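Just data28.cif here, mmCIF, C-alpha atoms and all ligand atoms:
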data_coords
loop_
_atom_site.group_PDB
_atom_site.id
_atom_site.type_symbol
_atom_site.label_atom_id
_atom_site.label_comp_id
_atom_site.auth_asym_id
_atom_site.auth_seq_id
_atom_site.Cartn_x
_atom_site.Cartn_y
_atom_site.Cartn_z
ATOM 1 C CA MET A 545 -3.401 2.379 -27.110
ATOM 2 C CA ASP A 546 -0.113 4.295 -27.031
ATOM 3 C CA TYR A 547 0.508 4.207 -23.270
ATOM 4 C CA GLN A 548 3.919 5.845 -23.547
ATOM 5 C CA LYS A 549 2.401 8.853 -25.306
ATOM 6 C CA ILE A 550 -0.311 9.046 -22.642
ATOM 7 C CA LEU A 551 2.242 8.918 -19.797
ATOM 8 C CA ASP A 552 4.323 11.631 -21.520
ATOM 9 C CA GLU A 553 1.241 13.850 -21.801
ATOM 10 C CA ILE A 554 0.342 13.234 -18.145
ATOM 11 C CA TYR A 555 3.868 14.121 -17.057
ATOM 12 C CA LYS A 556 3.607 17.428 -18.917
ATOM 13 C CA GLU A 557 0.142 18.247 -17.545
ATOM 14 C CA VAL A 558 0.948 17.300 -13.970
ATOM 15 C CA LYS A 559 4.209 19.334 -13.788
ATOM 16 C CA PRO A 560 2.609 22.428 -12.210
ATOM 17 C CA TYR A 561 1.378 20.243 -9.326
ATOM 18 C CA ILE A 562 4.631 18.396 -8.576
ATOM 19 C CA GLY A 563 5.853 19.570 -5.165
ATOM 20 C CA LYS A 564 2.441 21.002 -4.189
ATOM 21 C CA GLY A 565 1.237 19.724 -0.822
ATOM 22 C CA LYS A 566 3.470 18.569 1.996
ATOM 23 C CA VAL A 567 5.798 15.609 2.514
ATOM 24 C CA ALA A 568 4.954 13.436 5.532
ATOM 25 C CA ASP A 569 6.976 14.808 8.439
ATOM 26 C CA TYR A 570 5.634 12.795 11.368
ATOM 27 C CA ILE A 571 8.279 10.241 10.398
ATOM 28 C CA PRO A 572 11.344 12.554 10.461
ATOM 29 C CA GLU A 573 13.296 10.435 7.945
ATOM 30 C CA LEU A 574 10.516 10.948 5.364
ATOM 31 C CA ALA A 575 10.604 14.724 5.860
ATOM 32 C CA LYS A 576 14.048 14.746 4.220
ATOM 33 C CA VAL A 577 12.729 13.548 0.840
ATOM 34 C CA ASN A 578 12.819 16.077 -2.012
ATOM 35 C CA PRO A 579 9.139 16.810 -2.793
ATOM 36 C CA LYS A 580 9.809 17.769 -6.407
ATOM 37 C CA GLN A 581 9.966 14.253 -7.764
ATOM 38 C CA PHE A 582 7.497 12.367 -9.897
ATOM 39 C CA GLY A 583 7.447 8.957 -11.543
ATOM 40 C CA MET A 584 4.801 6.760 -13.093
ATOM 41 C CA SER A 585 4.784 3.242 -14.556
ATOM 42 C CA VAL A 586 2.292 0.999 -16.241
ATOM 43 C CA VAL A 587 2.872 -2.736 -16.808
ATOM 44 C CA THR A 588 0.449 -4.692 -18.974
ATOM 45 C CA LEU A 589 -0.424 -8.335 -18.377
ATOM 46 C CA ASP A 590 1.886 -9.359 -21.213
ATOM 47 C CA GLY A 591 4.794 -7.585 -19.535
ATOM 48 C CA GLU A 592 5.036 -4.394 -21.580
ATOM 49 C CA LEU A 593 6.401 -1.633 -19.379
ATOM 50 C CA PHE A 594 5.878 2.109 -19.883
ATOM 51 C CA SER A 595 7.428 4.716 -17.575
ATOM 52 C CA VAL A 596 8.038 8.445 -17.137
ATOM 53 C CA GLY A 597 10.075 10.593 -14.751
ATOM 54 C CA ASP A 598 11.649 9.077 -11.642
ATOM 55 C CA ALA A 599 10.000 5.686 -12.180
ATOM 56 C CA GLN A 600 13.155 3.749 -11.321
ATOM 57 C CA LYS A 601 13.898 5.586 -8.113
ATOM 58 C CA ARG A 602 13.089 3.648 -4.951
ATOM 59 C CA PHE A 603 10.985 5.301 -2.255
ATOM 60 C CA SER A 604 9.382 4.314 1.042
ATOM 61 C CA ILE A 605 6.304 2.212 0.208
ATOM 62 C CA GLN A 606 4.765 2.710 3.691
ATOM 63 C CA SER A 607 1.083 1.705 3.643
ATOM 64 C CA ILE A 608 1.309 0.078 0.216
ATOM 65 C CA SER A 609 2.960 -2.783 2.125
ATOM 66 C CA LYS A 610 -0.457 -3.426 3.707
ATOM 67 C CA VAL A 611 -1.664 -4.870 0.389
ATOM 68 C CA PHE A 612 1.109 -7.457 0.518
ATOM 69 C CA THR A 613 0.606 -8.424 4.167
ATOM 70 C CA PHE A 614 -3.177 -8.616 3.694
ATOM 71 C CA THR A 615 -2.674 -10.928 0.703
ATOM 72 C CA MET A 616 -0.353 -13.187 2.701
ATOM 73 C CA ALA A 617 -2.682 -13.355 5.706
ATOM 74 C CA LEU A 618 -5.751 -14.005 3.552
ATOM 75 C CA LYS A 619 -3.978 -16.908 1.940
ATOM 76 C CA MET A 620 -3.023 -18.343 5.346
ATOM 77 C CA TYR A 621 -6.238 -17.776 7.267
ATOM 78 C CA SER A 622 -8.899 -17.346 4.575
ATOM 79 C CA LYS A 623 -12.276 -16.228 6.041
ATOM 80 C CA GLU A 624 -11.028 -16.731 9.609
ATOM 81 C CA LEU A 625 -9.072 -13.488 9.204
ATOM 82 C CA TYR A 626 -12.322 -11.489 9.056
ATOM 83 C CA LYS A 627 -13.094 -12.479 12.627
ATOM 84 C CA ARG A 628 -10.215 -10.209 13.662
ATOM 85 C CA VAL A 629 -10.381 -7.427 11.074
ATOM 86 C CA GLY A 630 -13.326 -6.144 9.034
ATOM 87 C CA VAL A 631 -13.703 -4.905 5.463
ATOM 88 C CA GLU A 632 -15.664 -1.678 5.909
ATOM 89 C CA PRO A 633 -14.311 1.808 5.206
ATOM 90 C CA SER A 634 -13.539 3.510 8.496
ATOM 91 C CA GLY A 635 -14.417 7.106 7.656
ATOM 92 C CA THR A 636 -11.765 8.096 10.196
ATOM 93 C CA PRO A 637 -8.063 8.977 9.798
ATOM 94 C CA PHE A 638 -5.680 6.066 9.255
ATOM 95 C CA ASN A 639 -4.256 6.264 12.765
ATOM 96 C CA SER A 640 -7.482 6.919 14.681
ATOM 97 C CA LEU A 641 -7.927 5.384 18.124
ATOM 98 C CA VAL A 642 -11.510 6.409 18.847
ATOM 99 C CA GLN A 643 -13.331 3.934 16.593
ATOM 100 C CA LEU A 644 -11.209 1.089 17.857
ATOM 101 C CA GLU A 645 -12.356 1.774 21.405
ATOM 102 C CA TYR A 646 -16.045 1.794 20.394
ATOM 103 C CA GLU A 647 -15.654 -1.342 18.322
ATOM 104 C CA HIS A 648 -13.855 -3.369 20.976
ATOM 105 C CA GLY A 649 -10.474 -3.681 19.320
ATOM 106 C CA LYS A 650 -11.649 -5.048 15.968
ATOM 107 C CA PRO A 651 -10.252 -2.735 13.292
ATOM 108 C CA ARG A 652 -12.584 -1.761 10.454
ATOM 109 C CA ASN A 653 -10.293 -2.925 7.647
ATOM 110 C CA PRO A 654 -6.727 -4.178 6.952
ATOM 111 C CA PHE A 655 -5.591 -0.873 5.423
ATOM 112 C CA ILE A 656 -5.959 1.406 8.421
ATOM 113 C CA ASN A 657 -3.003 1.148 10.779
ATOM 114 C CA ALA A 658 -4.906 -0.796 13.438
ATOM 115 C CA GLY A 659 -6.001 -3.381 10.863
ATOM 116 C CA ALA A 660 -2.519 -3.708 9.418
ATOM 117 C CA ILE A 661 -1.089 -4.254 12.915
ATOM 118 C CA VAL A 662 -3.570 -7.107 13.487
ATOM 119 C CA VAL A 663 -2.624 -8.583 10.098
ATOM 120 C CA THR A 664 1.068 -8.361 11.005
ATOM 121 C CA ASP A 665 0.312 -10.094 14.311
ATOM 122 C CA SER A 666 -1.422 -12.910 12.408
ATOM 123 C CA LEU A 667 1.689 -13.351 10.242
ATOM 124 C CA ILE A 668 3.968 -13.455 13.311
ATOM 125 C CA SER A 669 1.752 -16.146 14.836
ATOM 126 C CA TYR A 670 1.904 -18.147 11.616
ATOM 127 C CA TYR A 671 5.696 -17.988 11.302
ATOM 128 C CA LYS A 672 6.188 -18.077 15.096
ATOM 129 C CA ASP A 673 8.984 -15.500 14.967
ATOM 130 C CA GLU A 674 9.085 -11.817 13.957
ATOM 131 C CA PHE A 675 12.363 -12.064 12.026
ATOM 132 C CA ILE A 676 11.207 -15.049 9.995
ATOM 133 C CA THR A 677 7.974 -13.117 9.377
ATOM 134 C CA LEU A 678 9.893 -10.167 7.960
ATOM 135 C CA GLU A 679 12.044 -12.435 5.806
ATOM 136 C CA ASN A 680 8.874 -13.981 4.390
ATOM 137 C CA ILE A 681 7.226 -10.609 3.749
ATOM 138 C CA LEU A 682 10.388 -9.490 1.938
ATOM 139 C CA GLY A 683 10.540 -12.779 0.045
ATOM 140 C CA PHE A 684 6.938 -12.346 -1.085
ATOM 141 C CA ILE A 685 7.550 -8.752 -2.208
ATOM 142 C CA ARG A 686 10.738 -9.708 -4.068
ATOM 143 C CA GLU A 687 8.972 -12.527 -5.841
ATOM 144 C CA ILE A 688 5.908 -10.590 -7.016
ATOM 145 C CA SER A 689 7.987 -7.599 -8.107
ATOM 146 C CA LYS A 690 10.655 -9.825 -9.700
ATOM 147 C CA LYS A 691 13.504 -7.990 -7.960
ATOM 148 C CA GLY A 692 15.738 -9.875 -5.562
ATOM 149 C CA ASP A 693 17.430 -6.830 -4.026
ATOM 150 C CA ILE A 694 14.380 -5.064 -2.546
ATOM 151 C CA ASN A 695 15.020 -4.195 1.077
ATOM 152 C CA ILE A 696 13.985 -2.339 4.201
ATOM 153 C CA ASN A 697 15.487 1.108 4.852
ATOM 154 C CA PRO A 698 16.607 0.705 8.488
ATOM 155 C CA GLN A 699 16.802 4.485 9.102
ATOM 156 C CA VAL A 700 13.146 4.949 8.152
ATOM 157 C CA ALA A 701 12.082 2.031 10.354
ATOM 158 C CA LYS A 702 14.143 3.389 13.262
ATOM 159 C CA SER A 703 12.802 6.902 12.767
ATOM 160 C CA GLU A 704 9.235 5.591 12.969
ATOM 161 C CA MET A 705 10.063 3.427 15.971
ATOM 162 C CA GLU A 706 11.311 6.514 17.779
ATOM 163 C CA HIS A 707 8.244 8.602 16.950
ATOM 164 C CA GLY A 708 5.376 6.172 16.422
ATOM 165 C CA TYR A 709 3.522 6.831 19.653
ATOM 166 C CA ARG A 710 0.053 6.570 18.128
ATOM 167 C CA ASN A 711 0.797 3.245 16.486
ATOM 168 C CA ARG A 712 2.159 1.917 19.759
ATOM 169 C CA ALA A 713 -1.032 3.145 21.439
ATOM 170 C CA LEU A 714 -3.131 1.367 18.795
ATOM 171 C CA ALA A 715 -1.268 -1.891 19.334
ATOM 172 C CA ASN A 716 -1.679 -1.656 23.105
ATOM 173 C CA LEU A 717 -5.381 -0.876 22.798
ATOM 174 C CA ILE A 718 -5.939 -3.845 20.466
ATOM 175 C CA LYS A 719 -3.995 -6.067 22.849
ATOM 176 C CA SER A 720 -6.167 -4.899 25.757
ATOM 177 C CA PHE A 721 -9.203 -6.204 23.835
ATOM 178 C CA GLY A 722 -7.463 -9.530 23.256
ATOM 179 C CA ASN A 723 -7.111 -9.112 19.478
ATOM 180 C CA LEU A 724 -3.290 -9.459 19.378
ATOM 181 C CA ASP A 725 -1.605 -12.782 20.102
ATOM 182 C CA ASN A 726 1.939 -11.445 20.250
ATOM 183 C CA ASP A 727 3.626 -8.690 22.203
ATOM 184 C CA PRO A 728 2.229 -5.327 20.964
ATOM 185 C CA ILE A 729 5.679 -3.733 20.611
ATOM 186 C CA THR A 730 6.926 -6.688 18.560
ATOM 187 C CA CYS A 731 3.867 -6.344 16.305
ATOM 188 C CA VAL A 732 4.282 -2.628 15.844
ATOM 189 C CA GLU A 733 8.038 -2.872 15.193
ATOM 190 C CA THR A 734 7.496 -5.549 12.560
ATOM 191 C CA TYR A 735 4.783 -3.352 11.041
ATOM 192 C CA PHE A 736 7.149 -0.329 10.935
ATOM 193 C CA LYS A 737 9.789 -2.448 9.242
ATOM 194 C CA HIS A 738 7.523 -3.677 6.461
ATOM 195 C CA CYS A 739 6.308 -0.104 5.927
ATOM 196 C CA ALA A 740 9.976 0.924 5.490
ATOM 197 C CA VAL A 741 10.498 -1.301 2.431
ATOM 198 C CA GLU A 742 11.748 0.725 -0.546
ATOM 199 C CA MET A 743 10.602 0.078 -4.122
ATOM 200 C CA SER A 744 10.353 1.957 -7.406
ATOM 201 C CA CYS A 745 7.248 2.662 -9.504
ATOM 202 C CA GLU A 746 8.372 0.039 -12.001
ATOM 203 C CA GLU A 747 8.702 -2.599 -9.266
ATOM 204 C CA LEU A 748 5.395 -1.693 -7.632
ATOM 205 C CA ALA A 749 3.518 -1.704 -10.938
ATOM 206 C CA HIS A 750 4.897 -5.221 -11.529
ATOM 207 C CA SER A 751 3.824 -6.293 -8.058
ATOM 208 C CA MET A 752 0.171 -5.486 -8.886
ATOM 209 C CA LEU A 753 -0.039 -7.852 -11.859
ATOM 210 C CA PHE A 754 -1.394 -10.775 -9.842
ATOM 211 C CA LEU A 755 -4.273 -8.583 -8.660
ATOM 212 C CA ALA A 756 -4.980 -7.501 -12.243
ATOM 213 C CA ASN A 757 -5.081 -11.157 -13.305
ATOM 214 C CA ARG A 758 -7.380 -12.881 -10.796
ATOM 215 C CA GLY A 759 -4.602 -13.812 -8.372
ATOM 216 C CA THR A 760 -2.077 -15.277 -10.819
ATOM 217 C CA ASP A 761 0.993 -13.343 -11.939
ATOM 218 C CA PRO A 762 0.869 -13.683 -15.735
ATOM 219 C CA LEU A 763 4.635 -13.318 -16.171
ATOM 220 C CA LEU A 764 5.678 -15.730 -13.409
ATOM 221 C CA LYS A 765 2.665 -17.961 -14.155
ATOM 222 C CA LYS A 766 2.206 -18.375 -10.443
ATOM 223 C CA GLU A 767 -0.940 -18.115 -8.330
ATOM 224 C CA PHE A 768 -0.479 -15.833 -5.306
ATOM 225 C CA CYS A 769 -4.107 -15.975 -4.191
ATOM 226 C CA SER A 770 -7.355 -17.428 -5.493
ATOM 227 C CA PRO A 771 -9.528 -15.475 -7.979
ATOM 228 C CA THR A 772 -12.060 -14.863 -5.194
ATOM 229 C CA GLN A 773 -9.370 -13.533 -2.862
ATOM 230 C CA ALA A 774 -8.044 -11.255 -5.626
ATOM 231 C CA LYS A 775 -11.582 -9.911 -6.066
ATOM 232 C CA ARG A 776 -11.824 -9.246 -2.328
ATOM 233 C CA ILE A 777 -8.419 -7.542 -2.111
ATOM 234 C CA ASN A 778 -9.314 -5.297 -5.061
ATOM 235 C CA ALA A 779 -12.653 -4.486 -3.425
ATOM 236 C CA VAL A 780 -10.995 -3.473 -0.157
ATOM 237 C CA MET A 781 -8.463 -1.389 -2.110
ATOM 238 C CA LEU A 782 -11.320 0.395 -3.867
ATOM 239 C CA THR A 783 -13.323 1.106 -0.728
ATOM 240 C CA CYS A 784 -10.554 1.564 1.869
ATOM 241 C CA GLY A 785 -7.282 2.184 -0.005
ATOM 242 C CA HIS A 786 -7.068 5.945 0.341
ATOM 243 C CA TYR A 787 -7.682 6.701 3.993
ATOM 244 C CA ASP A 788 -10.460 9.193 4.437
ATOM 245 C CA ALA A 789 -10.481 10.056 0.733
ATOM 246 C CA SER A 790 -11.309 6.564 -0.548
ATOM 247 C CA GLY A 791 -14.707 7.725 -1.819
ATOM 248 C CA GLU A 792 -13.116 10.622 -3.648
ATOM 249 C CA PHE A 793 -10.493 8.364 -5.206
ATOM 250 C CA ALA A 794 -13.196 5.997 -6.459
ATOM 251 C CA PHE A 795 -15.147 9.002 -7.735
ATOM 252 C CA HIS A 796 -12.267 10.656 -9.589
ATOM 253 C CA VAL A 797 -10.058 7.701 -10.551
ATOM 254 C CA GLY A 798 -12.355 4.682 -10.394
ATOM 255 C CA LEU A 799 -9.764 1.963 -9.839
ATOM 256 C CA PRO A 800 -8.760 -0.228 -6.886
ATOM 257 C CA GLY A 801 -5.722 1.493 -5.394
ATOM 258 C CA LYS A 802 -3.610 1.884 -2.283
ATOM 259 C CA SER A 803 -1.600 4.883 -1.255
ATOM 260 C CA GLY A 804 1.210 5.353 1.233
ATOM 261 C CA VAL A 805 2.556 8.390 3.062
ATOM 262 C CA GLY A 806 5.816 8.025 1.126
ATOM 263 C CA GLY A 807 3.823 9.459 -1.798
ATOM 264 C CA GLY A 808 3.332 6.238 -3.747
ATOM 265 C CA ILE A 809 -0.009 5.007 -5.096
ATOM 266 C CA VAL A 810 -0.550 1.615 -6.709
ATOM 267 C CA ALA A 811 -3.613 0.932 -8.839
ATOM 268 C CA VAL A 812 -5.038 -2.068 -10.650
ATOM 269 C CA VAL A 813 -6.919 -2.203 -13.938
ATOM 270 C CA PRO A 814 -8.518 -5.664 -13.721
ATOM 271 C CA GLY A 815 -7.764 -7.785 -16.767
ATOM 272 C CA LYS A 816 -5.275 -5.261 -18.100
ATOM 273 C CA MET A 817 -2.446 -3.781 -16.028
ATOM 274 C CA GLY A 818 -0.707 -2.721 -12.844
ATOM 275 C CA ILE A 819 0.060 0.965 -12.288
ATOM 276 C CA CYS A 820 2.185 2.916 -9.841
ATOM 277 C CA VAL A 821 2.674 6.640 -9.473
ATOM 278 C CA TRP A 822 4.926 8.430 -7.006
ATOM 279 C CA SER A 823 5.335 12.022 -5.942
ATOM 280 C CA PRO A 824 6.220 12.621 -2.272
ATOM 281 C CA ALA A 825 4.213 15.773 -1.450
ATOM 282 C CA LEU A 826 0.811 14.812 -0.021
ATOM 283 C CA ASN A 827 -2.646 16.399 -0.089
ATOM 284 C CA ARG A 828 -4.563 17.021 3.127
ATOM 285 C CA TYR A 829 -5.778 13.424 3.258
ATOM 286 C CA GLY A 830 -2.236 12.031 3.119
ATOM 287 C CA ASN A 831 -2.394 10.906 -0.519
ATOM 288 C CA SER A 832 0.143 12.025 -3.122
ATOM 289 C CA TYR A 833 -1.035 15.385 -4.499
ATOM 290 C CA ALA A 834 0.395 15.092 -8.014
ATOM 291 C CA GLY A 835 -0.007 11.304 -8.008
ATOM 292 C CA THR A 836 -3.771 11.462 -7.497
ATOM 293 C CA ILE A 837 -4.102 14.009 -10.323
ATOM 294 C CA ALA A 838 -1.934 11.848 -12.592
ATOM 295 C CA LEU A 839 -4.138 8.797 -12.013
ATOM 296 C CA GLU A 840 -7.278 10.797 -12.677
ATOM 297 C CA LEU A 841 -5.742 12.004 -15.954
ATOM 298 C CA PHE A 842 -4.803 8.419 -16.808
ATOM 299 C CA THR A 843 -8.332 7.075 -16.426
ATOM 300 C CA GLN A 844 -9.773 10.101 -18.255
ATOM 301 C CA LYS A 845 -7.442 9.728 -21.205
ATOM 302 C CA THR A 846 -7.654 5.939 -21.507
ATOM 303 C CA GLY A 847 -11.236 5.354 -20.361
ATOM 304 C CA LEU A 848 -9.796 2.538 -18.235
ATOM 305 C CA SER A 849 -11.829 2.576 -15.062
ATOM 306 C CA ILE A 850 -13.882 -0.170 -13.507
ATOM 307 C CA PHE A 851 -17.000 1.985 -13.824
HETATM 308 N N1 LIG B 901 4.094 3.537 8.732
HETATM 309 C C1 LIG B 901 3.102 4.548 8.521
HETATM 310 C C2 LIG B 901 2.265 4.745 9.766
HETATM 311 O O1 LIG B 901 1.883 3.810 10.384
HETATM 312 C C3 LIG B 901 2.266 4.184 7.343
HETATM 313 C C4 LIG B 901 1.277 5.221 7.040
HETATM 314 C C5 LIG B 901 0.768 5.225 5.652
HETATM 315 O O2 LIG B 901 1.508 5.106 4.681
HETATM 316 O O3 LIG B 901 -0.443 5.363 5.552
HETATM 317 O O4 LIG B 901 1.969 5.816 10.185
#
Mind converting the file's structure to structure tokens?
Ligand code: GLU
Amino acid sequence: MDYQKILDEIYKEVKPYIGKGKVADYIPELAKVNPKQFGMSVVTLDGELFSVGDAQKRFSIQSISKVFTFTMALKMYSKELYKRVGVEPSGTPFNSLVQLEYEHGKPRNPFINAGAIVVTDSLISYYKDEFITLENILGFIREISKKGDININPQVAKSEMEHGYRNRALANLIKSFGNLDNDPITCVETYFKHCAVEMSCEELAHSMLFLANRGTDPLLKKEFCSPTQAKRINAVMLTCGHYDASGEFAFHVGLPGKSGVGGGIVAVVPGKMGICVWSPALNRYGNSYAGTIALELFTQKTGLSIF
């Protein structure tokens, strides 16, 4: 299949939608991003890379980082992790407090904020220090994306620390139920920092290869999780990766994926490739407006969907 031709066609067809929607403004630093940008990359298991638009420009990965922290925690704790965080879609917004109260501080899944904060707490307990935890998260991301200079944008992290009242509330509520081992503010600050990592579409597409290949990165020839864990991570991405619109994403795109409020979406075609699309303006569910359309076009044109 001529993936470059397909990406070029998608770029043309998606142009009228680029900039439609609204950039995330609850993190003031993200509100400054120019909404009229679009990039998309596909990397096949044998390392062929195809890109269009702003695919080399780094952006705030935000919730996409939850895929990386979930992978790390699953490797460390295996099934024990599910005692603290579930794997069911929440059917509520990503920063909802209500469900957490009803369900006694056990978040529904690792991709809503509450779940990701618990996962971050589990990493801090493992490394016994929040700075070493961050270094290890960064090290993991650099390794799987094959780029040693990936970093955190400190302004974005600071901006979220100054305005993240709901996330602080989530962390405190979880702590009150005894489901955080570390100080809630330490957990939430570490979480904000890993959300503030910046990567490009090309780097993020590369970082999905291990999930497309049963846990082993085919280019590095290194296992990052077991085949069963890769299956589970893909399953949670499919059912919980797009906030309240996860069902719609499965319906229209039909691939495991994870979006972030920076406008990025990663997707996995098992046995074939990693994909990333980025366009900062978001639809009403908080997923990239043009990015979601681009992925739907991709699966329509290629027939590559898990269904
Ligand atoms: N750091 C963001 C938050 O917690 C991540 C949100 C997202 O990308 O879904 O609000």
- Could you please extract the residues within 10 Å of ligand LIG 901 (chain B), counting only C-alpha atoms and all ligand atoms, and hand them back as JSON, numbers by chain? {"A": [568, 570, 571, 604, 605, 606, 607, 608, 609, 610, 637, 638, 639, 655, 656, 657, 658, 660, 661, 700, 701, 704, 705, 707, 708, 709, 710, 711, 712, 732, 733, 735, 736, 737, 738, 739, 740, 785, 786, 787, 802, 803, 804, 805, 806, 807, 808, 809, 829, 830, 831]}
- Which is closer to Gly759 of chain A than all the others in A:Cys784, A:Leu618, A:Leu678, A:Ala825, using only C-alpha atoms?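 Among the listed residues, A:Leu618 lies closest to Gly759 of chain A.
Nearest to Ile819 of chain A of all the residues A:Ile729, A:Ala794, A:Leu764, A:Ala599 is A:Ala599, based on all atoms listed in the file.
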- Task: Go ahead and compute the interatomic distance for atom CA of Asn697 of chain A and atom CA of Trp822 of chain A, in Å to one decimal.
- Result: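 Straight-line distance from atom CA of Asn697 of chain A to atom CA of Trp822 of chain A works out to 17.5 Å.
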- Task: Enumerate, as a ChimeraX atom specification, the residues matched when the PyMOL selection byres (((chain A and resi 630) around 9) and not hetatm) is run on the file above.
- Result: /A:625-629,631-633,650-654,659
- Query: Taking only C-alpha atoms into account, which of A:Tyr833, A:Cys731, A:Ser703, A:Val810 comes nearest Ala575 of chain A?
  - Reply: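 Answer, going by the shortest atom-to-atom distance: A:Ser703.
Using all atoms listed in the file, the nearest neighbour of Leu753 of chain A within the list A:Met620, A:Leu826, A:Leu724, A:Cys820 is A:Cys820.
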Around segment 655-668 of chain A, with edges along x, y and z and 3 Å added on all six sides, what centre and edge lengths do you get, in Å to one decimal, as JSON?
{"center_x": -1.0, "center_y": -6.0, "center_z": 9.9, "size_x": 16.0, "size_y": 20.9, "size_z": 14.9}
- Query: So, counting only C-alpha atoms, which residue among A:Glu679, A:Asp546, A:Glu592, A:Glu687 is closest to Asp761 of chain A?
  - Reply: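 Counting only C-alpha atoms, the residue closest to Asp761 of chain A is A:Glu687.
Neighbouring residues of Gly847 of chain A at 12 Å or closer, counting only C-alpha atoms and skipping chain neighbours under 2 positions away, are Met545, Ile550, Val797, Gly798, Leu799, Val813, Leu839, Glu840, Leu841, Phe842, Thr843, Gln844, Lys845, Ser849, Ile850 and Phe851 of chain A.
In this structure, atom CA of Phe594 of chain A sits 6.7 Å away from atom CA of Tyr547 of chain A.
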Can you patch up segment 757-770 of chain A, filling it in to N, CA, C and O atoms, and show the result as a PDB file, in the frame of the given file?
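Contents of the output file result.pdb:
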ATOM      1  N   ASN A 757      -4.871  -9.910 -12.550  1.00  0.00           N
ATOM      2  CA  ASN A 757      -5.081 -11.157 -13.305  1.00  0.00           C
ATOM      3  C   ASN A 757      -5.648 -12.267 -12.414  1.00  0.00           C
ATOM      4  O   ASN A 757      -5.167 -13.390 -12.445  1.00  0.00           O
ATOM      5  N   ARG A 758      -6.641 -11.904 -11.613  1.00  0.00           N
ATOM      6  CA  ARG A 758      -7.380 -12.881 -10.796  1.00  0.00           C
ATOM      7  C   ARG A 758      -6.485 -13.743  -9.903  1.00  0.00           C
ATOM      8  O   ARG A 758      -6.707 -14.926  -9.727  1.00  0.00           O
ATOM      9  N   GLY A 759      -5.421 -13.116  -9.368  1.00  0.00           N
ATOM     10  CA  GLY A 759      -4.602 -13.812  -8.372  1.00  0.00           C
ATOM     11  C   GLY A 759      -3.347 -14.482  -8.904  1.00  0.00           C
ATOM     12  O   GLY A 759      -2.487 -14.887  -8.127  1.00  0.00           O
ATOM     13  N   THR A 760      -3.250 -14.599 -10.248  1.00  0.00           N
ATOM     14  CA  THR A 760      -2.077 -15.277 -10.819  1.00  0.00           C
ATOM     15  C   THR A 760      -1.196 -14.281 -11.563  1.00  0.00           C
ATOM     16  O   THR A 760      -1.687 -13.564 -12.441  1.00  0.00           O
ATOM     17  N   ASP A 761       0.082 -14.229 -11.202  1.00  0.00           N
ATOM     18  CA  ASP A 761       0.993 -13.343 -11.939  1.00  0.00           C
ATOM     19  C   ASP A 761       1.188 -13.932 -13.344  1.00  0.00           C
ATOM     20  O   ASP A 761       1.651 -15.066 -13.487  1.00  0.00           O
ATOM     21  N   PRO A 762       0.829 -13.134 -14.374  1.00  0.00           N
ATOM     22  CA  PRO A 762       0.869 -13.683 -15.735  1.00  0.00           C
ATOM     23  C   PRO A 762       2.293 -13.892 -16.251  1.00  0.00           C
ATOM     24  O   PRO A 762       2.500 -14.704 -17.154  1.00  0.00           O
ATOM     25  N   LEU A 763       3.261 -13.179 -15.679  1.00  0.00           N
ATOM     26  CA  LEU A 763       4.635 -13.318 -16.171  1.00  0.00           C
ATOM     27  C   LEU A 763       5.326 -14.485 -15.481  1.00  0.00           C
ATOM     28  O   LEU A 763       6.035 -15.272 -16.102  1.00  0.00           O
ATOM     29  N   LEU A 764       5.073 -14.613 -14.160  1.00  0.00           N
ATOM     30  CA  LEU A 764       5.678 -15.730 -13.409  1.00  0.00           C
ATOM     31  C   LEU A 764       4.854 -17.012 -13.569  1.00  0.00           C
ATOM     32  O   LEU A 764       5.314 -18.093 -13.229  1.00  0.00           O
ATOM     33  N   LYS A 765       3.622 -16.845 -14.049  1.00  0.00           N
ATOM     34  CA  LYS A 765       2.665 -17.961 -14.155  1.00  0.00           C
ATOM     35  C   LYS A 765       2.491 -18.650 -12.798  1.00  0.00           C
ATOM     36  O   LYS A 765       2.518 -19.868 -12.679  1.00  0.00           O
ATOM     37  N   LYS A 766       2.341 -17.826 -11.789  1.00  0.00           N
ATOM     38  CA  LYS A 766       2.206 -18.375 -10.443  1.00  0.00           C
ATOM     39  C   LYS A 766       0.994 -17.765  -9.742  1.00  0.00           C
ATOM     40  O   LYS A 766       0.789 -16.543  -9.829  1.00  0.00           O
ATOM     41  N   GLU A 767       0.234 -18.616  -9.051  1.00  0.00           N
ATOM     42  CA  GLU A 767      -0.940 -18.115  -8.330  1.00  0.00           C
ATOM     43  C   GLU A 767      -0.533 -17.640  -6.935  1.00  0.00           C
ATOM     44  O   GLU A 767       0.015 -18.417  -6.159  1.00  0.00           O
ATOM     45  N   PHE A 768      -0.805 -16.365  -6.637  1.00  0.00           N
ATOM     46  CA  PHE A 768      -0.479 -15.833  -5.306  1.00  0.00           C
ATOM     47  C   PHE A 768      -1.689 -15.776  -4.392  1.00  0.00           C
ATOM     48  O   PHE A 768      -1.553 -15.671  -3.180  1.00  0.00           O
ATOM     49  N   CYS A 769      -2.884 -15.807  -4.980  1.00  0.00           N
ATOM     50  CA  CYS A 769      -4.107 -15.975  -4.191  1.00  0.00           C
ATOM     51  C   CYS A 769      -5.175 -16.456  -5.156  1.00  0.00           C
ATOM     52  O   CYS A 769      -4.969 -16.434  -6.377  1.00  0.00           O
ATOM     53  N   SER A 770      -6.304 -16.893  -4.616  1.00  0.00           N
ATOM     54  CA  SER A 770      -7.355 -17.428  -5.493  1.00  0.00           C
ATOM     55  C   SER A 770      -8.048 -16.259  -6.214  1.00  0.00           C
ATOM     56  O   SER A 770      -7.956 -15.109  -5.771  1.00  0.00           O
TER      57      SER A 770
END
